[in-house]
Each structure stands twice: as structure tokens, then as C-alpha cells.
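*Asks:* Just structure.pdb, nothing more (PDB, C-alpha atoms):
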```pdb
ATOM      1  CA  MET J   1     -13.999-146.693   7.376  1.00  0.00           C
ATOM      2  CA  ASN J   2     -15.214-144.481   4.499  1.00  0.00           C
ATOM      3  CA  LYS J   3     -18.261-146.728   4.026  1.00  0.00           C
ATOM      4  CA  ILE J   4     -19.198-146.326   7.700  1.00  0.00           C
ATOM      5  CA  LEU J   5     -18.845-142.547   7.476  1.00  0.00           C
ATOM      6  CA  GLY J   6     -20.870-142.539   4.253  1.00  0.00           C
ATOM      7  CA  ILE J   7     -23.677-144.561   5.834  1.00  0.00           C
ATOM      8  CA  LEU J   8     -23.630-142.366   8.944  1.00  0.00           C
ATOM      9  CA  PHE J   9     -23.788-139.236   6.769  1.00  0.00           C
ATOM     10  CA  ALA J  10     -26.740-140.689   4.811  1.00  0.00           C
ATOM     11  CA  PHE J  11     -28.649-141.348   8.063  1.00  0.00           C
ATOM     12  CA  VAL J  12     -27.981-137.819   9.304  1.00  0.00           C
ATOM     13  CA  VAL J  13     -29.219-136.295   6.043  1.00  0.00           C
ATOM     14  CA  LEU J  14     -32.270-138.556   5.929  1.00  0.00           C
ATOM     15  CA  PHE J  15     -33.165-137.845   9.564  1.00  0.00           C
ATOM     16  CA  SER J  16     -32.733-134.073   9.230  1.00  0.00           C
ATOM     17  CA  CYS J  17     -34.914-133.963   6.099  1.00  0.00           C
ATOM     18  CA  ASN J  18     -37.642-136.009   7.783  1.00  0.00           C
ATOM     19  CA  SER J  19     -37.663-133.871  10.933  1.00  0.00           C
ATOM     20  CA  GLN J  20     -38.428-130.739   8.876  1.00  0.00           C
ATOM     21  CA  LYS J  21     -41.330-132.360   6.996  1.00  0.00           C
ATOM     22  CA  VAL J  22     -43.872-131.206   9.592  1.00  0.00           C
ATOM     23  CA  TYR J  23     -42.948-127.605   8.769  1.00  0.00           C
ATOM     24  CA  SER J  24     -43.467-127.916   5.017  1.00  0.00           C
ATOM     25  CA  ASP J  25     -46.276-130.456   4.640  1.00  0.00           C
ATOM     26  CA  PHE J  26     -49.423-128.649   5.799  1.00  0.00           C
ATOM     27  CA  ASP J  27     -52.829-127.558   4.508  1.00  0.00           C
ATOM     28  CA  ILE J  28     -53.196-124.488   6.741  1.00  0.00           C
ATOM     29  CA  SER J  29     -50.667-122.586   8.825  1.00  0.00           C
ATOM     30  CA  TYR J  30     -51.026-119.823  11.372  1.00  0.00           C
ATOM     31  CA  SER J  31     -47.939-118.100  12.735  1.00  0.00           C
ATOM     32  CA  ARG J  32     -47.158-115.125  14.912  1.00  0.00           C
ATOM     33  CA  SER J  33     -43.674-113.731  15.280  1.00  0.00           C
ATOM     34  CA  GLY J  34     -41.706-110.649  16.201  1.00  0.00           C
ATOM     35  CA  GLY J  35     -42.019-107.959  18.829  1.00  0.00           C
ATOM     36  CA  LYS J  36     -39.574-106.348  21.232  1.00  0.00           C
ATOM     37  CA  ILE J  37     -39.404-109.586  23.208  1.00  0.00           C
ATOM     38  CA  SER J  38     -39.491-112.016  20.305  1.00  0.00           C
ATOM     39  CA  VAL J  39     -42.385-114.443  20.171  1.00  0.00           C
ATOM     40  CA  TYR J  40     -42.638-117.331  17.723  1.00  0.00           C
ATOM     41  CA  GLU J  41     -45.942-119.196  17.574  1.00  0.00           C
ATOM     42  CA  ASN J  42     -46.785-121.705  14.845  1.00  0.00           C
ATOM     43  CA  MET J  43     -49.804-123.889  14.246  1.00  0.00           C
ATOM     44  CA  LEU J  44     -49.659-126.223  11.249  1.00  0.00           C
ATOM     45  CA  ILE J  45     -52.737-128.190  10.207  1.00  0.00           C
ATOM     46  CA  LYS J  46     -52.584-131.240   7.933  1.00  0.00           C
ATOM     47  CA  ASP J  47     -55.933-133.019   7.552  1.00  0.00           C
ATOM     48  CA  ASN J  48     -57.092-133.318  11.192  1.00  0.00           C
ATOM     49  CA  ASN J  49     -53.568-133.334  12.669  1.00  0.00           C
ATOM     50  CA  VAL J  50     -52.165-130.183  14.240  1.00  0.00           C
ATOM     51  CA  HIS J  51     -48.580-129.378  15.203  1.00  0.00           C
ATOM     52  CA  TYR J  52     -48.328-126.398  17.569  1.00  0.00           C
ATOM     53  CA  SER J  53     -45.134-124.750  18.783  1.00  0.00           C
ATOM     54  CA  TYR J  54     -44.461-121.653  20.847  1.00  0.00           C
ATOM     55  CA  GLN J  55     -41.203-119.965  21.793  1.00  0.00           C
ATOM     56  CA  GLU J  56     -40.425-116.738  23.599  1.00  0.00           C
ATOM     57  CA  GLY J  57     -37.257-114.680  23.253  1.00  0.00           C
ATOM     58  CA  ASP J  58     -36.142-115.680  26.744  1.00  0.00           C
ATOM     59  CA  GLY J  59     -35.833-119.304  25.639  1.00  0.00           C
ATOM     60  CA  LYS J  60     -39.125-120.741  26.913  1.00  0.00           C
ATOM     61  CA  SER J  61     -40.488-123.129  24.332  1.00  0.00           C
ATOM     62  CA  PHE J  62     -43.386-125.520  24.065  1.00  0.00           C
ATOM     63  CA  LYS J  63     -44.618-128.021  21.453  1.00  0.00           C
ATOM     64  CA  GLN J  64     -47.787-130.050  21.266  1.00  0.00           C
ATOM     65  CA  ASN J  65     -49.545-132.212  18.696  1.00  0.00           C
ATOM     66  CA  PHE J  66     -53.318-132.650  18.752  1.00  0.00           C
ATOM     67  CA  LYS J  67     -56.243-133.540  16.504  1.00  0.00           C
ATOM     68  CA  LEU J  68     -59.032-131.272  15.301  1.00  0.00           C
ATOM     69  CA  SER J  69     -62.524-132.575  14.732  1.00  0.00           C
ATOM     70  CA  ASP J  70     -64.105-132.377  11.293  1.00  0.00           C
ATOM     71  CA  GLU J  71     -66.564-129.903  12.815  1.00  0.00           C
ATOM     72  CA  ASP J  72     -63.732-127.594  13.971  1.00  0.00           C
ATOM     73  CA  LEU J  73     -62.100-127.742  10.525  1.00  0.00           C
ATOM     74  CA  LYS J  74     -65.417-126.935   8.855  1.00  0.00           C
ATOM     75  CA  LYS J  75     -65.961-124.019  11.268  1.00  0.00           C
ATOM     76  CA  LEU J  76     -62.479-122.660  10.443  1.00  0.00           C
ATOM     77  CA  ASP J  77     -63.093-123.016   6.700  1.00  0.00           C
ATOM     78  CA  ASN J  78     -66.459-121.240   7.068  1.00  0.00           C
ATOM     79  CA  THR J  79     -64.797-118.388   8.976  1.00  0.00           C
ATOM     80  CA  LEU J  80     -62.204-118.028   6.216  1.00  0.00           C
ATOM     81  CA  SER J  81     -64.967-117.974   3.568  1.00  0.00           C
ATOM     82  CA  GLN J  82     -67.381-115.669   5.417  1.00  0.00           C
ATOM     83  CA  ASN J  83     -64.599-113.139   6.016  1.00  0.00           C
ATOM     84  CA  ASN J  84     -63.348-113.228   2.412  1.00  0.00           C
ATOM     85  CA  PHE J  85     -59.835-114.410   3.293  1.00  0.00           C
ATOM     86  CA  ARG J  86     -58.687-114.374  -0.327  1.00  0.00           C
ATOM     87  CA  ARG J  87     -59.830-110.777  -0.834  1.00  0.00           C
ATOM     88  CA  ILE J  88     -58.192-109.253   2.240  1.00  0.00           C
ATOM     89  CA  GLN J  89     -55.750-106.582   1.156  1.00  0.00           C
ATOM     90  CA  GLU J  90     -52.447-106.001   2.889  1.00  0.00           C
ATOM     91  CA  ASP J  91     -51.048-102.514   3.420  1.00  0.00           C
ATOM     92  CA  HIS J  92     -47.379-101.927   2.641  1.00  0.00           C
ATOM     93  CA  LYS J  93     -46.306 -99.588   5.450  1.00  0.00           C
ATOM     94  CA  LYS J  94     -43.176-100.536   7.367  1.00  0.00           C
ATOM     95  CA  ILE J  95     -43.777-101.514  11.000  1.00  0.00           C
ATOM     96  CA  TYR J  96     -41.060-102.414  13.483  1.00  0.00           C
ATOM     97  CA  ASP J  97     -41.159-104.197  16.865  1.00  0.00           C
ATOM     98  CA  TYR J  98     -44.597-105.563  16.044  1.00  0.00           C
ATOM     99  CA  VAL J  99     -45.888-109.097  16.517  1.00  0.00           C
ATOM    100  CA  SER J 100     -47.169-109.962  13.061  1.00  0.00           C
ATOM    101  CA  THR J 101     -49.494-112.767  12.049  1.00  0.00           C
ATOM    102  CA  SER J 102     -49.283-114.806   8.848  1.00  0.00           C
ATOM    103  CA  ILE J 103     -51.894-117.246   7.593  1.00  0.00           C
ATOM    104  CA  ASN J 104     -51.307-119.637   4.689  1.00  0.00           C
ATOM    105  CA  VAL J 105     -53.986-121.856   3.176  1.00  0.00           C
ATOM    106  CA  LYS J 106     -52.682-124.370   0.624  1.00  0.00           C
ATOM    107  CA  LYS J 107     -55.866-126.334   0.012  1.00  0.00           C
ATOM    108  CA  GLY J 108     -59.496-125.586  -0.825  1.00  0.00           C
ATOM    109  CA  THR J 109     -61.470-122.575  -1.961  1.00  0.00           C
ATOM    110  CA  ASN J 110     -59.699-120.235   0.463  1.00  0.00           C
ATOM    111  CA  GLU J 111     -56.216-120.956  -0.881  1.00  0.00           C
ATOM    112  CA  GLY J 112     -53.925-117.996  -0.343  1.00  0.00           C
ATOM    113  CA  SER J 113     -51.416-116.299   1.918  1.00  0.00           C
ATOM    114  CA  LYS J 114     -51.954-113.161   4.005  1.00  0.00           C
ATOM    115  CA  SER J 115     -49.901-111.320   6.605  1.00  0.00           C
ATOM    116  CA  ASP J 116     -50.386-108.238   8.732  1.00  0.00           C
ATOM    117  CA  ALA J 117     -46.628-107.611   8.949  1.00  0.00           C
ATOM    118  CA  SER J 118     -47.283-104.354   7.095  1.00  0.00           C
ATOM    119  CA  MET J 119     -50.825-104.005   8.451  1.00  0.00           C
ATOM    120  CA  ILE J 120     -54.140-104.812   6.799  1.00  0.00           C
ATOM    121  CA  MET J 121     -56.092-102.198   4.844  1.00  0.00           C
ATOM    122  CA  PRO J 122     -58.652-100.567   7.191  1.00  0.00           C
ATOM    123  CA  ASN J 123     -61.775-101.836   5.373  1.00  0.00           C
ATOM    124  CA  TYR J 124     -60.573-105.455   5.865  1.00  0.00           C
ATOM    125  CA  LYS J 125     -59.456-105.119   9.504  1.00  0.00           C
ATOM    126  CA  THR J 126     -62.646-106.649  10.971  1.00  0.00           C
ATOM    127  CA  ASN J 127     -62.459-109.621   8.590  1.00  0.00           C
ATOM    128  CA  TRP J 128     -58.781-110.175   9.497  1.00  0.00           C
ATOM    129  CA  ASP J 129     -59.523-109.971  13.224  1.00  0.00           C
ATOM    130  CA  ASN J 130     -62.376-112.498  12.882  1.00  0.00           C
ATOM    131  CA  ILE J 131     -60.049-114.934  11.113  1.00  0.00           C
ATOM    132  CA  LYS J 132     -57.240-114.466  13.655  1.00  0.00           C
ATOM    133  CA  ASN J 133     -59.749-115.009  16.476  1.00  0.00           C
ATOM    134  CA  ALA J 134     -60.857-118.319  14.929  1.00  0.00           C
ATOM    135  CA  PHE J 135     -57.270-119.589  14.998  1.00  0.00           C
ATOM    136  CA  GLN J 136     -56.749-118.278  18.529  1.00  0.00           C
ATOM    137  CA  GLU J 137     -59.914-120.094  19.629  1.00  0.00           C
ATOM    138  CA  ILE J 138     -58.503-123.376  18.308  1.00  0.00           C
ATOM    139  CA  ILE J 139     -55.291-122.753  20.259  1.00  0.00           C
ATOM    140  CA  ASN J 140     -57.141-121.790  23.443  1.00  0.00           C
ATOM    141  CA  ASN J 141     -59.400-124.852  23.282  1.00  0.00           C
ATOM    142  CA  ASN J 142     -56.728-127.440  22.462  1.00  0.00           C
ATOM    143  CA  VAL J 143     -53.298-126.384  23.698  1.00  0.00           C
ATOM    144  CA  LYS J 144     -52.344-127.247  27.265  1.00  0.00           C
ATOM    145  CA  LYS J 145     -49.415-124.952  28.043  1.00  0.00           C
ATOM    146  CA  PRO J 146     -47.240-125.934  31.015  1.00  0.00           C
TER     147      PRO J 146
END
```
Just give me the structure as C-alpha cells.

*Replies:*
Amino acid sequence: MNKILGILFAFVVLFSCNSQKVYSDFDISYSRSGGKISVYENMLIKDNNVHYSYQEGDGKSFKQNFKLSDEDLKKLDNTLSQNNFRRIQEDHKKIYDYVSTSINVKKGTNEGSKSDASMIMPNYKTNWDNIKNAFQEIINNNVKKP
């Protein structure tokens, strides 16, 4: 009986670790979260594969996987470079009930992590908006929400 429980426990642990892999194994991530009516939006990019998920505070949720073309990835990388992603400076003011955006790049020349949870310094606002718009364009062109 103990062997059966041990094997069952091993499968549960193995399965739960594997199911979280999509959330930790990515090259680029874009996420939005927060607000008075909580919103959680995540887009994780690994090579050409994209995992997208969206959830609202009222319980509506949606997930979709899709592929990005090499051209779309190159366009995104160019947008990150042209808008000096690595040099964008974050402000440190406290903001509440605000939908914040975080972008993490783990691979390439634009490697870094930025968030507007405490706002972006004014002289980098346009660059930040251009980068956020590039991610939003990918979502708008590829995600088929129900």
C-alpha cells in the first residue's frame, strides 16, 4: 500500500512541476496585472512558441497557444533595440489600483527586466509606450478571444 501511495505521490509531484514549466521557461515575457477590477494578462515567448493567458477579477479566463513568425520576432527585437529597452529608467513612486506592465527579456542584446508598476521616468515614457504597443500588436493580431 505504501509503495502505491509513494508512486502516486511521485506522479503528482512530477506532473505539477511539468505543468509550471511554461511559466518559467521563456525568452521574453509580457504581463499586465492589477487594477480595481483585477486583470492578469501574460504572454510568454519561447523561440517561436507563445503561451497567452488572460484572467479578469470576475473569474473570466482564457488561454491560447500560437506561433510567431521569425519576421514578427525580429520586429519585436528591433522595437526593443530602437527604444533602448535596457536603458529605460523606472520611477519609484508608489501607485495603487493601477494596471502595471512588466516585460522580461532573458535572451539576446536586449536582456533585462522593466516594469511600470512605479511608473517610468518621463523622458523614457515614449520608448516604453512604443514597446508596450509592439506587444499589444502581437496580442491583437494573434489572440482569438471568445

*Asks:* Could you please determine the separation between atom CA of Asp116 of chain J and atom CA of Gln136 of chain J in Å, to one decimal place?

*Replies:*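 Atom CA of Asp116 of chain J sits 15.4 Å away from atom CA of Gln136 of chain J.
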
*Asks:* Could you tell me which residues the PyMOL selection byres ((chain J and resi 80) around 10) grabs in this file, written as number ranges by chain?

*Replies:* J: 74-79, 81-86, 105, 109-111, 127-128, 130-132, 134

*Asks:* List the residues matched by the PyMOL selection byres ((chain J and resi 94) around 12) in the displayed structure as a list in words, ordered by chain and then by residue number.

*Replies:*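 This file gives the following for the PyMOL selection byres ((chain J and resi 94) around 12): Glu90, Asp91, His92, Lys93, Ile95, Tyr96, Asp97, Tyr98, Ser100, Asp116, Ala117, Ser118, Met119 and Ile120 of chain J.
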
*Asks:* Counting all atoms listed in the file, find residues at most 8 Å from (-45.0, -127.9, 23.1) (file frame) and give them as a ChimeraX atom specification.

*Replies:* /J:52-54,61-65,145

*Asks:* Restricting the calculation to only C-alpha atoms, which member of J:Asn49, J:Ser102, J:Ser69, J:Gln89 is positioned closest to Gly34 of chain J?

*Replies:*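 Residue with the minimum atom-to-atom distance to Gly34 of chain J: J:Ser102.
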
*Asks:* Evaluated on this file, the PyMOL selection byres ((chain J and resi 39) around 8) picks out some residues - which ones are they, written as a ChimeraX atom specification?

*Replies:* /J:32-35,37-38,40-41,54-57,99

*Asks:* Looking at J:Pro146, J:Lys36, J:Ile138, J:Ile103, which one is nearest to Leu68 of chain J, with distances taken over all atoms listed in the file?

*Replies:* J:Ile138

*Asks:* Quick one: distance from atom CA of Asn142 of chain J to atom CA of Thr126 of chain J in Å, one decimal?

*Replies:*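 Answer for the atom CA of Asn142 of chain J to atom CA of Thr126 of chain J separation: 24.5 Å.
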
*Asks:* Between atom CA of Ser29 of chain J and atom CA of Tyr124 of chain J, what is the distance in Å, rounded to a tenth?

*Replies:*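 Taking atom CA of Ser29 of chain J and atom CA of Tyr124 of chain J, their separation equals 20.0 Å.
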
*Asks:* Between J:Gly59, J:Asp129, J:Lys67, J:Val50, which one has atoms that come closest to Ile88 of chain J, using only C-alpha atoms?

*Replies:* J:Asp129

*Asks:* Can you tell me, as JSON, the centre and edge lengths (Å, one decimal) of the axis-aligned box enclosing all of segment 106-113 of chain J's listed atoms after padding each side by 6 Å?

*Replies:*
```
{"center_x": -56.4, "center_y": -121.3, "center_z": 0.0, "size_x": 22.1, "size_y": 22.0, "size_z": 15.9}
```

*Asks:* Which of these residues is nearest to Gly112 of chain J, using all atoms listed in the file: J:Phe26, J:Lys60, J:Arg87, J:Ile139?

*Replies:*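 Counting all atoms listed in the file, the residue closest to Gly112 of chain J is J:Arg87.
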
*Asks:* Counting all atoms listed in the file, figure out which residue out of J:Asp70, J:Asp58, J:His51, J:Thr101 gets nearest to Val143 of chain J.

*Replies:*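 Result for the nearest residue to Val143 of chain J: J:His51.
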